[in-house]
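Enquirer: One structure coming up, written as structure tokens, with questions to follow.
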Amino acid sequence: MSNRRCFCVSLYGLPADDRLNMKGDGPLRLGETILQAENLTRGFGVGSQFTLAVDHVSVEVLSGQFVLIMGPSGSGKSTMLAILSGLLRPDGGTVHCLGENIWAMSDVEREQFRLEHCGFIFQGYNLFAALTARQQLELVATWGNHLGANEAKCRADNLLERLGLGGKEHLRPSELSGGEKQRVAIGRALIKNPNILFADEPTSALDWAHGEEVVKLLRNLTREEGATVVCVTHDPRLVPFADRVFHMEDGRLVRQSYGFMSHPEEAIVTLPEPGEVLPGPDDVVSFRPRIAP
Amino acid sequence: MGYSLTTLWYERQRYFPAILAVGFSSLLGCLQFGLLLGLFSIVSIPIDNSRADIWLGAPQALSVDLGRPIRESQAVDRLASNPEVDRCETYLQGFAYWAKPNGGMELCMVIGCRLDDQSLGRIKQLTPELHHQLTEPGSIVVDESDLNRLGLKQVGDTAEIVGNRVRVVGLTKGVKSLAGPYVMCSVTTARSLLRLMPEQITYVLGKCHDSADAAKVVARLRQAHGTDISVFAADEFSFRSRWHWLTKTKAGFALGYAAVLGLMVGAVVTSQTLYAATAASMREFAVLRAMGIPRWRMSVLVMSQATWVGVVGVLLSFPGIFGLARVADIYGVQVLLDWRMLASVSGITLVMAVFSGLYALRSLKHVEPALLLR
């Protein structure tokens with residue numbers, strides 16, 4: 001327990017359960033709603049070219065969950081992620097994240113909200129070619145968190161070490177493998193301690209060996225750090241790692257399922273009640289979402 | 001600064017055209033203005049080649065060759081009354097018409113100064129042999145490069161200046177002329193050639209016990225006499241004379257225009273290169289925007305890159321500037337690389353590079369994080 005708690009502190013600067021504190025009326029507890037979207041719609045094009053990419057979709061994501069949004073190409077899952085993460089304004093519906101209606105905010109307020117609470121991982125690594133792995137993280141820490149150079153470097157090195165990139169801090173993207181680059185991208189998303197991490201096809205450019213590493217990493221973030229991960233993918237191999245899966249087709253939410261059902265032997269039954277404050281990090285690790293009746 | 005420099009170095013091939021363009025602008029500007037200064041330094045030859053520390057003349061003297069008559073006794077008294085001044089002497093300079101022996105007229109610049117060994121106004125090209133020969137009334141010395149222009153063939157030839165017969169008693173070397181050939185003679189001869197009254201002179205020259213005191217004496221005289229006189233330290237008057245011709249003539253405008261064209265070429269190439277480099281990092285910037293990093297942070301990065309492109313370009317241009325100036329000197333063309341001119345052109349080039357960065361900022365407007373999710 002003490003080791004794990006130390007890790008939490010070094011990675012995020014705060015214990016996992018403290019990190020879930022949020023704006024609003026008090027601490028967010030594991031298993032409480034962190035993201036709630038209602039009746040979302042979003043179309044593209046005009047006239048005969050008009051396409052409804054998201055068609056009256058409602059979802060709810062609980063804190064500490066690893067959630068997948070799945071569907072074939074053109075199903076609207078990436079558009080859904082863009083709307084949920086505050087990057088693309090919906091034509092209709094609402095998104096409440098950490099209790100705040102993000103699409104009722106001004107652009108500046110929403111930008112500040114993303115800065116304080118959201119991390120992003122994209123399909124392409126989108127790393128600056130000229131910067132080392134450490135600098136990619138430092139850039140966000142100094143620009144986003146206003147950290148001093150030494151503190152940013154320390155935090156970046158700690159995070160890279162935890163992501164299995166110890167000794168590779170000085171390498172540039174061209175000197176890293178695909179999996180390593182994606183881990184740097186994850187580090188870049190994590191360094192400013194987001195409450196919720198949005199990932200768009202984070203494994204699609206990787207072979208399965210590297211892809212599995214990345215998925216386990218994301219899942220462990222939810223288990224060990226109490227972070228919430230919302231991930232878009234079309235790869236069914238990610239399902240066993242997920243707590244919850246939203247299936248989309250033609251812009252509609254057609255089904256919800258629970259990823260661990262594919263691995264029933266891993267199912268943990270010590271479920272806390274929603275709203276229950278967990279006594280310690282060990283319980284965070286053993287947390288699994290409650291099964292819907 | 002660190003990220004922009006790192007990017008600049010790592011992607012140097014991408015930024016090289018911009019650096020080259022800035023360097024080219026700086027080189028062209030410095031050489032153009034250096035040529036111009038070299039050309040107009042001819043105007044200040046009487047100052048630069050004399051030994052005077054202080055020049056005192058008529059009010060609002062724009063250039064040494066545009067001096068107007070002043071009263072000798074009053075001017076000498078004013079300068080000599082300063083304890084730092086060791087000695088003073090009179091000096092005459094002005095334009096006159098030269099009648100060529102075989103017909104035709106030419107504008108010439110008459111310079112009359114004392115001819116003893118301690119003379120302050122005597123230019124260094126005037127050897128002791130020559131100034132001894134100039135003591136004879138009506139005798140003059142001209143530069144060998146001006147013989148044809150003055151219609152002369154050799155030493156001993158005669159001509160007329162405003163009705164006064166003059167005889168060439170010797171030749172100098174390297175005293176180039178611009179508006180009119182220099183005609184050097186004694187104060188007495190010059191007074192008649194310039195049709196000045198006995199009490200009239202053009203300048204009083206002063207030599208200080210310590211040349212470093214010149215600025216102090218000049219400041220004191222200006223405070224005491226205000227706009228009644230013009231008084232300058234030698235360096236200051238030299239620069240003022242050149243600057244006057246630089247800004248007054250079409251030649252200055254033409255060369256300046258060419259330099260501005262060079263700057264514009266530099267600006268276009270630099271801005272396009274920076275724009276392309278910024279556009280190439282659009283997706284990386286989009287990730288930062290998605291994470292809520294404010295746009296101004298990226299703007300600062302681009303502006304910082306633009307500034308560094310400017311600094312590196314200007315620094316790289318300097319070896320070229322000095323090398324080409326040396327080559328020009330070998331072929332007899334003077335390129336005067338005054339530090340003030342170099343600093344000004346470098347500053348303007350840097351500003352150009354920074355403005356190019358402002359243009360490149362337009363590409364940041366297209367950074368849209370949602371694009372990464374489509």
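Within each chain, counting starts at residue 1; across the structure tokens, chains are named A, B, ... in the order shown, with ligands numbered 1 upward in that order.
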What lies within 12 Å of Gly174 (chain B) using only C-alpha atoms, ignoring chain neighbours under 3 positions off, as a ChimeraX atom specification?
Expert: /B:42,45,49,123-126,142-146,171,177,181-182,332-334
Enquirer: Take the residues from that selection and put them in a file with C-alpha atoms, as a PDB file, in the first residue's frame.
Expert:
ATOM      1  CA  ILE B  42      34.411  62.131 -49.857  1.00  0.00           C
ATOM      2  CA  ILE B  45      37.630  64.392 -46.480  1.00  0.00           C
ATOM      3  CA  ASN B  49      42.155  64.123 -42.971  1.00  0.00           C
ATOM      4  CA  ILE B 123      44.932  67.538 -45.013  1.00  0.00           C
ATOM      5  CA  LYS B 124      47.523  64.827 -44.608  1.00  0.00           C
ATOM      6  CA  GLN B 125      47.851  64.281 -48.383  1.00  0.00           C
ATOM      7  CA  LEU B 126      49.310  67.769 -48.658  1.00  0.00           C
ATOM      8  CA  VAL B 142      44.711  69.562 -57.115  1.00  0.00           C
ATOM      9  CA  ASP B 143      44.398  65.802 -57.062  1.00  0.00           C
ATOM     10  CA  GLU B 144      45.929  63.898 -59.921  1.00  0.00           C
ATOM     11  CA  SER B 145      42.631  62.096 -60.548  1.00  0.00           C
ATOM     12  CA  ASP B 146      40.953  65.461 -61.337  1.00  0.00           C
ATOM     13  CA  LEU B 171      49.350  67.152 -57.219  1.00  0.00           C
ATOM     14  CA  SER B 177      35.954  64.475 -55.167  1.00  0.00           C
ATOM     15  CA  PRO B 181      37.341  68.740 -57.549  1.00  0.00           C
ATOM     16  CA  TYR B 182      39.185  69.908 -54.440  1.00  0.00           C
ATOM     17  CA  GLY B 332      39.264  50.974 -55.448  1.00  0.00           C
ATOM     18  CA  VAL B 333      35.640  51.180 -54.325  1.00  0.00           C
ATOM     19  CA  GLN B 334      35.260  52.283 -50.750  1.00  0.00           C
TER      20      GLN B 334
END
Enquirer: Kindly provide, as a ChimeraX atom specification, the residues of chain A having any atom no farther than 8 Å from an atom of chain B, counting only C-alpha atoms.
Expert: /A:78-79,81-82,87-88,111-116,118-120,122,126-128,130-131,140,143-144,189,200
Enquirer: Taking N, CA and C atoms for each residue, export the selection above as a PDB file, in the first residue's frame.
Expert:
ATOM      1  N   SER A  78     -15.964   9.121 -33.310  1.00  0.00           N
ATOM      2  CA  SER A  78     -14.981  10.198 -33.108  1.00  0.00           C
ATOM      3  C   SER A  78     -15.668  11.543 -32.916  1.00  0.00           C
ATOM      4  N   THR A  79     -16.763  11.747 -33.651  1.00  0.00           N
ATOM      5  CA  THR A  79     -17.539  12.978 -33.470  1.00  0.00           C
ATOM      6  C   THR A  79     -18.084  13.035 -32.052  1.00  0.00           C
ATOM      7  N   LEU A  81     -16.760  11.657 -29.436  1.00  0.00           N
ATOM      8  CA  LEU A  81     -15.657  11.973 -28.517  1.00  0.00           C
ATOM      9  C   LEU A  81     -15.340  13.470 -28.556  1.00  0.00           C
ATOM     10  N   ALA A  82     -15.357  14.042 -29.773  1.00  0.00           N
ATOM     11  CA  ALA A  82     -15.067  15.479 -29.906  1.00  0.00           C
ATOM     12  C   ALA A  82     -16.085  16.316 -29.148  1.00  0.00           C
ATOM     13  N   LEU A  87     -14.501  19.708 -27.774  1.00  0.00           N
ATOM     14  CA  LEU A  87     -13.783  20.185 -28.959  1.00  0.00           C
ATOM     15  C   LEU A  87     -14.726  20.532 -30.102  1.00  0.00           C
ATOM     16  N   LEU A  88     -15.906  19.940 -30.119  1.00  0.00           N
ATOM     17  CA  LEU A  88     -16.840  20.152 -31.229  1.00  0.00           C
ATOM     18  C   LEU A  88     -18.234  20.416 -30.658  1.00  0.00           C
ATOM     19  N   GLU A 111     -11.927  26.367 -22.833  1.00  0.00           N
ATOM     20  CA  GLU A 111     -10.489  26.131 -23.018  1.00  0.00           C
ATOM     21  C   GLU A 111      -9.810  25.968 -21.650  1.00  0.00           C
ATOM     22  N   GLN A 112     -10.199  26.813 -20.728  1.00  0.00           N
ATOM     23  CA  GLN A 112      -9.635  26.734 -19.376  1.00  0.00           C
ATOM     24  C   GLN A 112     -10.054  25.426 -18.699  1.00  0.00           C
ATOM     25  N   PHE A 113     -11.291  25.012 -18.958  1.00  0.00           N
ATOM     26  CA  PHE A 113     -11.779  23.751 -18.390  1.00  0.00           C
ATOM     27  C   PHE A 113     -10.952  22.581 -18.912  1.00  0.00           C
ATOM     28  N   ARG A 114     -10.725  22.579 -20.220  1.00  0.00           N
ATOM     29  CA  ARG A 114      -9.912  21.499 -20.811  1.00  0.00           C
ATOM     30  C   ARG A 114      -8.499  21.525 -20.229  1.00  0.00           C
ATOM     31  N   LEU A 115      -7.978  22.737 -20.053  1.00  0.00           N
ATOM     32  CA  LEU A 115      -6.627  22.869 -19.511  1.00  0.00           C
ATOM     33  C   LEU A 115      -6.544  22.259 -18.112  1.00  0.00           C
ATOM     34  N   GLU A 116      -7.589  22.479 -17.320  1.00  0.00           N
ATOM     35  CA  GLU A 116      -7.546  22.029 -15.929  1.00  0.00           C
ATOM     36  C   GLU A 116      -7.913  20.557 -15.765  1.00  0.00           C
ATOM     37  N   CYS A 118      -8.782  18.032 -18.661  1.00  0.00           N
ATOM     38  CA  CYS A 118      -8.814  17.051 -19.753  1.00  0.00           C
ATOM     39  C   CYS A 118      -7.433  16.772 -20.343  1.00  0.00           C
ATOM     40  N   GLY A 119      -7.225  15.499 -20.671  1.00  0.00           N
ATOM     41  CA  GLY A 119      -6.043  15.099 -21.415  1.00  0.00           C
ATOM     42  C   GLY A 119      -6.476  14.415 -22.697  1.00  0.00           C
ATOM     43  N   PHE A 120      -5.613  14.448 -23.713  1.00  0.00           N
ATOM     44  CA  PHE A 120      -5.995  13.883 -25.014  1.00  0.00           C
ATOM     45  C   PHE A 120      -4.882  12.999 -25.578  1.00  0.00           C
ATOM     46  N   PHE A 122      -4.244  10.963 -29.301  1.00  0.00           N
ATOM     47  CA  PHE A 122      -4.820  10.821 -30.640  1.00  0.00           C
ATOM     48  C   PHE A 122      -4.175   9.654 -31.373  1.00  0.00           C
ATOM     49  N   ASN A 126       1.476  12.787 -33.058  1.00  0.00           N
ATOM     50  CA  ASN A 126       1.513  14.260 -33.093  1.00  0.00           C
ATOM     51  C   ASN A 126       2.524  14.842 -32.110  1.00  0.00           C
ATOM     52  N   LEU A 127       3.704  14.273 -32.152  1.00  0.00           N
ATOM     53  CA  LEU A 127       4.788  14.785 -31.306  1.00  0.00           C
ATOM     54  C   LEU A 127       5.649  15.740 -32.129  1.00  0.00           C
ATOM     55  N   PHE A 128       6.168  16.764 -31.479  1.00  0.00           N
ATOM     56  CA  PHE A 128       7.064  17.696 -32.176  1.00  0.00           C
ATOM     57  C   PHE A 128       8.364  16.964 -32.527  1.00  0.00           C
ATOM     58  N   ALA A 130      11.233  17.910 -33.310  1.00  0.00           N
ATOM     59  CA  ALA A 130      12.512  18.454 -32.836  1.00  0.00           C
ATOM     60  C   ALA A 130      12.728  18.232 -31.342  1.00  0.00           C
ATOM     61  N   LEU A 131      11.661  17.890 -30.627  1.00  0.00           N
ATOM     62  CA  LEU A 131      11.778  17.842 -29.168  1.00  0.00           C
ATOM     63  C   LEU A 131      11.983  16.417 -28.672  1.00  0.00           C
ATOM     64  N   VAL A 140       4.172  20.903 -22.088  1.00  0.00           N
ATOM     65  CA  VAL A 140       2.807  20.990 -21.549  1.00  0.00           C
ATOM     66  C   VAL A 140       2.837  21.407 -20.076  1.00  0.00           C
ATOM     67  N   TRP A 143       3.825  25.219 -20.061  1.00  0.00           N
ATOM     68  CA  TRP A 143       2.820  26.068 -20.703  1.00  0.00           C
ATOM     69  C   TRP A 143       1.436  25.884 -20.080  1.00  0.00           C
ATOM     70  N   GLY A 144       1.123  24.636 -19.695  1.00  0.00           N
ATOM     71  CA  GLY A 144      -0.214  24.349 -19.188  1.00  0.00           C
ATOM     72  C   GLY A 144      -0.314  24.535 -17.686  1.00  0.00           C
ATOM     73  N   ALA A 189      -0.243  13.705 -22.236  1.00  0.00           N
ATOM     74  CA  ALA A 189      -1.632  13.936 -21.812  1.00  0.00           C
ATOM     75  C   ALA A 189      -1.769  13.901 -20.293  1.00  0.00           C
ATOM     76  N   ASP A 200      -8.386   8.767 -28.815  1.00  0.00           N
ATOM     77  CA  ASP A 200      -8.996   8.436 -30.104  1.00  0.00           C
ATOM     78  C   ASP A 200      -8.120   7.419 -30.825  1.00  0.00           C
TER      79      ASP A 200
END
Enquirer: Looking at only C-alpha atoms, which of B:Ser41, B:Thr202, B:Asn82, B:Ser25 is the one that sits closest to Arg220 (chain B)?
Expert: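 Selected residue with least distance to Arg220 (chain B): B:Asn82.
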Enquirer: Mind checking which residues fall within 12 Å of Thr90 (chain B), counting only C-alpha atoms, ignoring those fewer than 6 positions away in the same chain, and posting them as a ChimeraX atom specification?
Expert: /B:52,54-57,69-77,79-80,111-115,119-122,186-188,190-191,198-207
Enquirer: Generate a file of the selected residues that holds N, CA and C atoms, formatted as a CSV table (one decimal), in the first residue's frame.
Expert:
chain,number,residue,atom,x,y,z
B,52,ALA,N,42.2,68.9,-36.7
B,52,ALA,CA,41.4,69.7,-35.8
B,52,ALA,C,40.5,68.8,-35.0
B,54,ILE,N,37.9,70.5,-33.1
B,54,ILE,CA,36.6,71.2,-33.1
B,54,ILE,C,36.5,72.1,-34.3
B,55,TRP,N,35.3,72.1,-34.9
B,55,TRP,CA,35.0,73.0,-36.0
B,55,TRP,C,33.9,73.9,-35.6
B,56,LEU,N,34.1,75.2,-35.8
B,56,LEU,CA,33.1,76.3,-35.4
B,56,LEU,C,32.8,77.1,-36.7
B,57,GLY,N,31.5,77.1,-37.0
B,57,GLY,CA,31.2,77.8,-38.3
B,57,GLY,C,29.9,78.6,-38.1
B,69,PRO,N,30.1,82.4,-44.7
B,69,PRO,CA,31.1,83.3,-44.0
B,69,PRO,C,30.7,83.7,-42.6
B,70,ILE,N,31.7,83.8,-41.8
B,70,ILE,CA,31.6,84.3,-40.4
B,70,ILE,C,32.7,85.3,-40.1
B,71,ARG,N,32.5,86.1,-39.0
B,71,ARG,CA,33.5,87.1,-38.7
B,71,ARG,C,34.6,86.4,-37.9
B,72,GLU,N,35.8,86.6,-38.4
B,72,GLU,CA,37.0,85.9,-37.9
B,72,GLU,C,37.2,86.1,-36.5
B,73,SER,N,37.3,87.4,-36.1
B,73,SER,CA,37.8,87.7,-34.7
B,73,SER,C,36.8,87.2,-33.7
B,74,GLN,N,35.5,87.4,-34.0
B,74,GLN,CA,34.5,86.9,-33.0
B,74,GLN,C,34.6,85.4,-32.8
B,75,ALA,N,34.6,84.7,-33.9
B,75,ALA,CA,34.6,83.3,-33.9
B,75,ALA,C,35.9,82.7,-33.2
B,76,VAL,N,37.0,83.3,-33.5
B,76,VAL,CA,38.3,82.9,-32.9
B,76,VAL,C,38.2,83.1,-31.4
B,77,ASP,N,37.7,84.3,-31.0
B,77,ASP,CA,37.6,84.6,-29.5
B,77,ASP,C,36.7,83.6,-28.8
B,79,LEU,N,36.1,80.5,-29.5
B,79,LEU,CA,36.7,79.2,-29.4
B,79,LEU,C,37.9,79.2,-28.5
B,80,ALA,N,38.7,80.3,-28.6
B,80,ALA,CA,40.0,80.3,-27.9
B,80,ALA,C,39.8,80.6,-26.4
B,111,ILE,N,39.7,75.0,-50.9
B,111,ILE,CA,40.0,74.9,-49.5
B,111,ILE,C,41.3,75.7,-49.2
B,112,GLY,N,41.1,76.6,-48.3
B,112,GLY,CA,42.3,77.5,-47.9
B,112,GLY,C,42.6,77.2,-46.4
B,113,CYS,N,43.8,76.9,-46.1
B,113,CYS,CA,44.2,76.6,-44.8
B,113,CYS,C,45.7,77.1,-44.5
B,114,ARG,N,46.0,77.2,-43.2
B,114,ARG,CA,47.4,77.6,-42.9
B,114,ARG,C,48.3,76.6,-43.5
B,115,LEU,N,49.6,77.0,-43.7
B,115,LEU,CA,50.5,76.1,-44.4
B,115,LEU,C,51.7,75.7,-43.6
B,119,SER,N,49.8,73.2,-38.9
B,119,SER,CA,48.5,73.5,-39.4
B,119,SER,C,47.4,72.5,-39.0
B,120,LEU,N,46.3,72.9,-38.6
B,120,LEU,CA,45.2,72.0,-38.2
B,120,LEU,C,44.3,71.6,-39.4
B,121,GLY,N,44.2,72.6,-40.3
B,121,GLY,CA,43.3,72.3,-41.5
B,121,GLY,C,43.9,71.6,-42.7
B,122,ARG,N,45.2,71.6,-42.6
B,122,ARG,CA,45.9,71.0,-43.8
B,122,ARG,C,45.7,69.5,-43.8
B,186,SER,N,46.5,78.5,-50.1
B,186,SER,CA,46.7,79.2,-48.8
B,186,SER,C,45.4,80.0,-48.5
B,187,VAL,N,45.3,80.4,-47.2
B,187,VAL,CA,44.1,81.2,-46.8
B,187,VAL,C,44.0,82.5,-47.6
B,188,THR,N,45.1,83.1,-47.9
B,188,THR,CA,45.1,84.4,-48.7
B,188,THR,C,44.5,84.1,-50.1
B,190,ALA,N,42.7,81.6,-51.1
B,190,ALA,CA,41.3,81.1,-51.0
B,190,ALA,C,40.4,82.3,-50.8
B,191,ARG,N,40.8,83.3,-50.0
B,191,ARG,CA,39.9,84.4,-49.7
B,191,ARG,C,39.6,85.2,-51.0
B,198,PRO,N,38.2,90.6,-46.0
B,198,PRO,CA,39.4,90.3,-45.1
B,198,PRO,C,39.0,89.7,-43.8
B,199,GLU,N,37.9,90.1,-43.2
B,199,GLU,CA,37.5,89.7,-41.9
B,199,GLU,C,36.7,88.4,-41.9
B,200,GLN,N,36.4,87.9,-43.2
B,200,GLN,CA,35.5,86.8,-43.3
B,200,GLN,C,36.3,85.5,-43.5
B,201,ILE,N,35.8,84.5,-42.8
B,201,ILE,CA,36.3,83.1,-42.9
B,201,ILE,C,35.1,82.2,-43.0
B,202,THR,N,35.4,80.9,-43.1
B,202,THR,CA,34.3,79.9,-43.1
B,202,THR,C,34.2,79.1,-41.8
B,203,TYR,N,35.4,78.7,-41.3
B,203,TYR,CA,35.4,78.0,-40.1
B,203,TYR,C,36.6,78.5,-39.2
B,204,VAL,N,36.4,78.3,-37.9
B,204,VAL,CA,37.6,78.3,-37.0
B,204,VAL,C,37.8,76.9,-36.5
B,205,LEU,N,39.1,76.4,-36.6
B,205,LEU,CA,39.4,75.1,-36.2
B,205,LEU,C,40.1,75.2,-34.8
B,206,GLY,N,39.8,74.2,-34.0
B,206,GLY,CA,40.4,74.2,-32.7
B,206,GLY,C,41.1,72.9,-32.4
B,207,LYS,N,42.2,73.0,-31.6
B,207,LYS,CA,42.9,71.8,-31.2
B,207,LYS,C,43.0,71.8,-29.6
Enquirer: Which of region 20-149 of chain B end up as strand (DSSP E or B) when DSSP is run on this backbone - answer as number ranges by chain?
Expert: B: 54-57, 70-71, 85-99, 105-113, 139-143
Enquirer: For Tyr359 (chain B), find every residue with an atom within 10 Å (counting only C-alpha atoms), except residues of its own chain fewer than 6 positions away, and show them as a list of chain:residue names.
Expert: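 The contact residues come out as B:Ala267, B:Val268, B:Thr270, B:Ser271, B:Gln272, B:Leu274, B:Tyr275, B:Met303, B:Ala353.
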